[in-house]
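Here is the file coords-v4.cif (mmCIF, C-alpha atoms).
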data_structure
#
loop_
_atom_site.group_PDB
_atom_site.id
_atom_site.type_symbol
_atom_site.label_atom_id
_atom_site.label_comp_id
_atom_site.auth_asym_id
_atom_site.auth_seq_id
_atom_site.Cartn_x
_atom_site.Cartn_y
_atom_site.Cartn_z
ATOM 1 C CA MET A 1 105.221 62.671 112.448
ATOM 2 C CA ASN A 2 104.412 65.193 115.194
ATOM 3 C CA ILE A 3 102.667 68.560 115.563
ATOM 4 C CA ALA A 4 105.711 70.548 114.447
ATOM 5 C CA ASN A 5 106.148 68.513 111.281
ATOM 6 C CA ALA A 6 102.396 68.658 110.618
ATOM 7 C CA LEU A 7 102.591 72.471 110.659
ATOM 8 C CA THR A 8 105.482 72.334 108.213
ATOM 9 C CA ILE A 9 103.456 70.126 105.874
ATOM 10 C CA ILE A 10 100.537 72.572 106.126
ATOM 11 C CA ARG A 11 102.939 75.313 105.014
ATOM 12 C CA LEU A 12 103.938 73.188 102.036
ATOM 13 C CA CYS A 13 100.279 72.770 101.076
ATOM 14 C CA ILE A 14 99.500 76.480 101.400
ATOM 15 C CA SER A 15 102.121 77.445 98.805
ATOM 16 C CA PRO A 16 100.413 75.998 95.693
ATOM 17 C CA PHE A 17 97.027 77.122 97.021
ATOM 18 C CA PHE A 18 98.357 80.686 97.319
ATOM 19 C CA LEU A 19 99.436 80.569 93.681
ATOM 20 C CA LEU A 20 96.081 79.211 92.503
ATOM 21 C CA VAL A 21 94.085 81.812 94.436
ATOM 22 C CA TYR A 22 96.229 84.632 93.023
ATOM 23 C CA LEU A 23 95.931 83.402 89.438
ATOM 24 C CA LYS A 24 92.322 82.170 89.499
ATOM 25 C CA PRO A 25 90.359 84.173 92.097
ATOM 26 C CA ASP A 26 87.151 83.820 90.071
ATOM 27 C CA PHE A 27 87.313 80.040 90.411
ATOM 28 C CA PHE A 28 87.194 80.453 94.194
ATOM 29 C CA ASN A 29 84.517 83.163 93.945
ATOM 30 C CA ILE A 30 86.870 85.810 95.360
ATOM 31 C CA SER A 31 86.291 89.416 94.313
ATOM 32 C CA THR A 32 89.049 91.732 93.118
ATOM 33 C CA THR A 33 88.850 93.833 96.281
ATOM 34 C CA GLY A 34 88.739 90.766 98.506
ATOM 35 C CA LEU A 35 91.703 88.996 96.881
ATOM 36 C CA PRO A 36 94.489 90.863 98.739
ATOM 37 C CA TYR A 37 92.893 90.054 102.095
ATOM 38 C CA VAL A 38 92.594 86.358 101.272
ATOM 39 C CA LEU A 39 96.226 86.274 100.131
ATOM 40 C CA LEU A 40 97.316 88.118 103.275
ATOM 41 C CA ALA A 41 95.496 85.555 105.407
ATOM 42 C CA LEU A 42 97.152 82.654 103.588
ATOM 43 C CA TRP A 43 100.582 84.270 103.894
ATOM 44 C CA ALA A 44 100.036 84.995 107.591
ATOM 45 C CA VAL A 45 99.092 81.364 108.266
ATOM 46 C CA SER A 46 102.135 80.197 106.324
ATOM 47 C CA GLU A 47 104.564 82.434 108.231
ATOM 48 C CA LEU A 48 102.962 81.748 111.617
ATOM 49 C CA SER A 49 103.238 78.001 111.001
ATOM 50 C CA ASP A 50 106.931 78.572 110.291
ATOM 51 C CA ALA A 51 107.361 80.324 113.634
ATOM 52 C CA PHE A 52 105.361 77.802 115.634
ATOM 53 C CA ASP A 53 106.767 74.592 114.161
ATOM 54 C CA GLY A 54 110.277 75.493 115.293
ATOM 55 C CA TYR A 55 109.057 76.628 118.712
ATOM 56 C CA LEU A 56 107.003 73.489 119.285
ATOM 57 C CA ALA A 57 109.814 71.209 118.125
ATOM 58 C CA ARG A 58 112.193 72.731 120.672
ATOM 59 C CA ARG A 59 109.621 73.222 123.449
ATOM 60 C CA TYR A 60 108.430 69.623 123.415
ATOM 61 C CA ASN A 61 111.689 68.023 122.304
ATOM 62 C CA GLN A 62 110.199 67.015 118.955
ATOM 63 C CA VAL A 63 113.193 67.870 116.787
ATOM 64 C CA THR A 64 113.430 65.111 114.170
ATOM 65 C CA GLU A 65 115.590 64.368 111.151
ATOM 66 C CA LEU A 66 112.465 64.719 109.001
ATOM 67 C CA GLY A 67 111.816 68.159 110.451
ATOM 68 C CA LYS A 68 115.385 69.268 109.777
ATOM 69 C CA ILE A 69 114.828 68.447 106.111
ATOM 70 C CA LEU A 70 111.229 69.627 105.736
ATOM 71 C CA ASP A 71 111.521 72.999 107.473
ATOM 72 C CA PRO A 72 114.137 74.666 105.222
ATOM 73 C CA MET A 73 112.541 73.029 102.187
ATOM 74 C CA ALA A 74 109.133 74.461 103.145
ATOM 75 C CA ASP A 75 110.657 77.925 103.657
ATOM 76 C CA SER A 76 112.309 77.843 100.247
ATOM 77 C CA ILE A 77 109.174 76.592 98.497
ATOM 78 C CA ALA A 78 106.904 79.121 100.243
ATOM 79 C CA HIS A 79 109.059 82.142 99.461
ATOM 80 C CA THR A 80 109.914 81.058 95.924
ATOM 81 C CA THR A 81 106.243 80.366 95.204
ATOM 82 C CA VAL A 82 105.050 83.766 96.357
ATOM 83 C CA PHE A 83 107.653 85.630 94.296
ATOM 84 C CA LEU A 84 106.965 83.388 91.311
ATOM 85 C CA THR A 85 103.288 84.228 91.707
ATOM 86 C CA PHE A 86 104.086 87.936 91.744
ATOM 87 C CA THR A 87 105.655 87.701 88.275
ATOM 88 C CA GLU A 88 102.060 87.621 87.008
ATOM 89 C CA SER A 89 99.620 90.554 86.820
ATOM 90 C CA PRO A 90 98.950 92.814 88.612
ATOM 91 C CA VAL A 91 102.347 92.897 90.373
ATOM 92 C CA ASN A 92 104.399 91.778 87.360
ATOM 93 C CA LEU A 93 107.777 91.334 89.036
ATOM 94 C CA PRO A 94 110.732 90.952 86.642
ATOM 95 C CA ILE A 95 111.420 87.233 86.272
ATOM 96 C CA PRO A 96 115.244 87.592 86.662
ATOM 97 C CA LEU A 97 114.686 88.611 90.298
ATOM 98 C CA LEU A 98 113.122 85.223 90.942
ATOM 99 C CA PHE A 99 116.276 83.422 89.843
ATOM 100 C CA VAL A 100 118.273 85.156 92.595
ATOM 101 C CA PHE A 101 116.193 83.318 95.194
ATOM 102 C CA LEU A 102 116.247 80.062 93.242
ATOM 103 C CA TYR A 103 120.011 80.058 92.702
ATOM 104 C CA ARG A 104 120.848 80.955 96.287
ATOM 105 C CA ASP A 105 118.631 78.270 97.791
ATOM 106 C CA SER A 106 119.757 75.672 95.241
ATOM 107 C CA VAL A 107 123.455 76.280 95.896
ATOM 108 C CA VAL A 108 123.112 76.284 99.679
ATOM 109 C CA SER A 109 120.862 73.216 99.713
ATOM 110 C CA THR A 110 123.233 71.302 97.425
ATOM 111 C CA LEU A 111 126.285 72.175 99.519
ATOM 112 C CA ARG A 112 124.483 71.244 102.729
ATOM 113 C CA THR A 113 123.374 67.898 101.312
ATOM 114 C CA ILE A 114 126.757 66.940 99.869
ATOM 115 C CA CYS A 115 128.592 67.896 103.043
ATOM 116 C CA ALA A 116 126.097 65.897 105.114
ATOM 117 C CA LEU A 117 126.824 62.853 102.951
ATOM 118 C CA LYS A 118 130.531 63.433 103.602
ATOM 119 C CA GLY A 119 129.885 63.309 107.331
ATOM 120 C CA PHE A 120 129.970 66.943 108.426
ATOM 121 C CA ALA A 121 127.206 69.508 108.806
ATOM 122 C CA LEU A 122 127.338 73.103 107.583
ATOM 123 C CA ALA A 123 126.368 75.520 110.325
ATOM 124 C CA ALA A 124 123.335 77.740 109.832
ATOM 125 C CA ARG A 125 123.980 81.471 109.702
ATOM 126 C CA THR A 126 122.134 84.370 111.287
ATOM 127 C CA SER A 127 122.162 86.016 107.859
ATOM 128 C CA GLY A 128 120.062 83.120 106.578
ATOM 129 C CA LYS A 129 117.414 83.717 109.219
ATOM 130 C CA ILE A 130 117.427 87.454 108.509
ATOM 131 C CA LYS A 131 117.111 86.639 104.802
ATOM 132 C CA ALA A 132 113.960 84.621 105.473
ATOM 133 C CA VAL A 133 112.444 87.464 107.522
ATOM 134 C CA ILE A 134 113.271 90.059 104.849
ATOM 135 C CA GLN A 135 111.733 87.916 102.122
ATOM 136 C CA ALA A 136 108.596 87.346 104.197
ATOM 137 C CA MET A 137 108.260 91.084 104.906
ATOM 138 C CA ALA A 138 108.793 91.918 101.220
ATOM 139 C CA ALA A 139 105.903 89.643 100.267
ATOM 140 C CA PHE A 140 103.783 91.098 103.078
ATOM 141 C CA PHE A 141 104.316 94.699 101.921
ATOM 142 C CA ILE A 142 103.494 93.808 98.317
ATOM 143 C CA LEU A 143 100.251 92.208 99.464
ATOM 144 C CA LEU A 144 99.460 95.378 101.411
ATOM 145 C CA LEU A 145 100.064 97.437 98.267
ATOM 146 C CA MET A 146 97.568 95.268 96.423
ATOM 147 C CA ILE A 147 94.775 96.577 98.682
ATOM 148 C CA PRO A 148 94.789 100.197 97.404
ATOM 149 C CA HIS A 149 95.437 98.883 93.894
ATOM 150 C CA ALA A 150 92.340 96.698 94.064
ATOM 151 C CA LYS A 151 90.328 99.753 95.173
ATOM 152 C CA GLY A 152 91.645 101.869 92.294
ATOM 153 C CA LEU A 153 93.773 104.056 94.576
ATOM 154 C CA LEU A 154 97.145 102.833 93.274
ATOM 155 C CA SER A 155 97.967 102.432 89.601
ATOM 156 C CA GLN A 156 99.374 99.192 88.247
ATOM 157 C CA GLU A 157 102.523 101.050 87.181
ATOM 158 C CA ASN A 158 103.155 102.275 90.734
ATOM 159 C CA LEU A 159 102.358 98.834 92.153
ATOM 160 C CA HIS A 160 104.857 97.261 89.761
ATOM 161 C CA PHE A 161 107.528 99.920 90.380
ATOM 162 C CA THR A 162 107.316 99.833 94.181
ATOM 163 C CA SER A 163 107.092 96.039 94.344
ATOM 164 C CA THR A 164 110.128 95.677 92.100
ATOM 165 C CA TRP A 165 112.243 97.878 94.360
ATOM 166 C CA ILE A 166 111.048 96.033 97.467
ATOM 167 C CA VAL A 167 111.989 92.663 96.020
ATOM 168 C CA THR A 168 115.263 94.018 94.646
ATOM 169 C CA GLY A 169 116.254 94.924 98.202
ATOM 170 C CA ALA A 170 115.325 91.430 99.368
ATOM 171 C CA ALA A 171 117.259 89.915 96.460
ATOM 172 C CA LEU A 172 120.411 91.899 97.300
ATOM 173 C CA TYR A 173 120.353 90.658 100.884
ATOM 174 C CA THR A 174 119.663 87.139 99.629
ATOM 175 C CA ILE A 175 122.851 87.310 97.547
ATOM 176 C CA TYR A 176 124.794 88.556 100.568
ATOM 177 C CA SER A 177 123.455 85.760 102.768
ATOM 178 C CA GLY A 178 124.555 83.200 100.181
ATOM 179 C CA PHE A 179 128.131 84.526 100.116
ATOM 180 C CA ASP A 180 128.137 84.782 103.913
ATOM 181 C CA TYR A 181 127.074 81.140 104.195
ATOM 182 C CA ILE A 182 129.800 79.958 101.834
ATOM 183 C CA TYR A 183 132.493 82.133 103.470
ATOM 184 C CA ALA A 184 131.629 81.010 107.007
ATOM 185 C CA ASN A 185 131.647 77.339 106.017
ATOM 186 C CA TRP A 186 134.512 77.488 103.531
ATOM 187 C CA SER A 187 136.774 75.117 105.489
ATOM 188 C CA TYR A 188 134.124 72.389 105.275
ATOM 189 C CA ILE A 189 133.313 73.138 101.654
ATOM 190 C CA ALA A 190 137.011 72.990 100.758
ATOM 191 C CA ARG A 191 137.253 69.547 102.353
ATOM 192 C CA MET A 192 134.398 68.470 100.121
ATOM 193 C CA LEU A 193 135.878 69.942 96.949
ATOM 194 C CA ILE A 194 139.473 68.779 97.369
ATOM 195 C CA PRO A 195 139.815 65.121 96.351
ATOM 196 C CA PRO A 196 141.611 62.785 98.770
ATOM 197 C CA GLN A 197 145.315 62.376 98.116
ATOM 198 C CA ASN A 198 146.557 58.942 97.147
ATOM 199 C CA PRO A 199 149.395 57.787 99.390
ATOM 200 C CA THR A 200 152.747 57.849 97.622
ATOM 201 C CA GLN A 201 154.293 54.533 96.997
ATOM 202 C CA SER A 202 157.903 54.002 97.937
ATOM 203 C CA GLY A 203 160.415 52.172 95.783
#
Target encoding structure tokens, full file:
Amino acid sequence: MNIANALTIIRLCISPFFLLVYLKPDFFNISTTGLPYVLLALWAVSELSDAFDGYLARRYNQVTELGKILDPMADSIAHTTVFLTFTESPVNLPIPLLFVFLYRDSVVSTLRTICALKGFALAARTSGKIKAVIQAMAAFFILLLMIPHAKGLLSQENLHFTSTWIVTGAALYTIYSGFDYIYANWSYIARMLIPPQNPTQSG
């Protein structure tokens, strides 16, 4: 355990708290107009912890095997949680969009794990990092849209419509990043999928 991994664990803890605050603001004594600001603060802390944990791990040579596992897991959980949360009112995202993020992360994580057990690592892709940034920005813009909605300046229909198109764009790039990851690492994946050949016996 080090500072970088501690930040990652904080990000993991923020995710369920974000969901609870969104669904039950009254329980936390948060007003309707104040809710978007609280959610923005939680999301900002989550994304900043993501930026700093990687920086600190490299800066102070604290890269660990635990961190290599926790960091992508925390990213996936954070982003999936926020979009899952947005399937509820007032944003009301279509649930099928959520499965795009779930399927992509599940496939990539499974391939990475199996290949690691086989003794070779799948290289990370720039498209994966861009995907994470796009997803984070999509969530950020939706939270910004919740501010005028909470003040009665943006109808729920317009909030839903605009948010759906924002997340659809993020989902399309997420699909691309998944195919890009598989294509770039296909030689390793093929080695995993093709069973070893039994030596032929003479005679």
Please determine an axis-aligned box that encloses all atoms of region 145-160 of chain A listed in the file, with 3 Å added on each side, and express its centre and edge lengths in Å to one decimal as lines of an AutoDock Vina configuration file.
center_x = 97.6
center_y = 99.7
center_z = 92.9
size_x = 20.5
size_y = 14.8
size_z = 17.5
Would you list the residues near (98.8, 91.8, 101.5), meaning any protein, DNA or RNA residue with an atom at most 12 Å from that point in file coordinates, counting all atoms listed in the file, as number ranges by chain? A: 18, 22, 33-44, 82, 86, 91, 136-150, 163
Once the PyMOL selection byres ((chain A and resi 185) around 10) has been applied to the shown file, what residues remain in the selection, as a ChimeraX atom specification? /A:111-112,121-125,179-184,186-190
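Between CA of Ala170 (chain A) and CA of Ile9 (chain A) lies a distance of 25.2 Å.
Counting from CA of Ile114 (chain A), the distance to CA of Asp50 (chain A) is 25.2 Å.
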Which residues come within 8 Å of Leu70 (chain A), counting only C-alpha atoms, excluding same-chain residues fewer than 4 positions away, as a PyMOL selection string? chain A and resi 5+8-9+66+74
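Across A:Ala78, A:Cys13, A:Ala171, A:Ala4, the tightest approach to Val63 (chain A) is made by A:Ala4 when counting only C-alpha atoms.
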Counting all atoms listed in the file, the residue among A:Thr174, A:Gln156, A:Asn2, A:Asn92 that lies closest to Asn61 (chain A) is A:Asn2
Please compute the CA of Thr81 (chain A)-CA of Ser15 (chain A) distance, one decimal, in Å. 6.2 Å
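Using all atoms listed in the file for every distance, the candidate list A:Ala57, A:Leu48, A:Leu98, A:Val108 yields A:Leu98 as the residue closest to Leu172 (chain A).
Nearest to Lys24 (chain A) of all the residues A:Lys151, A:Val133, A:Pro96, A:Ser89 is A:Ser89, counting all atoms listed in the file.
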Could you tell me which of A:Tyr173, A:Leu20, A:Thr164, A:Val45 comes closest to Leu97 (chain A) if we count only C-alpha atoms? A:Thr164
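For the residues A:Arg11, A:Lys68, A:His79, A:His160, ranking by smallest atom-to-atom distance to Phe52 (chain A) using all atoms listed in the file places A:Arg11 first.
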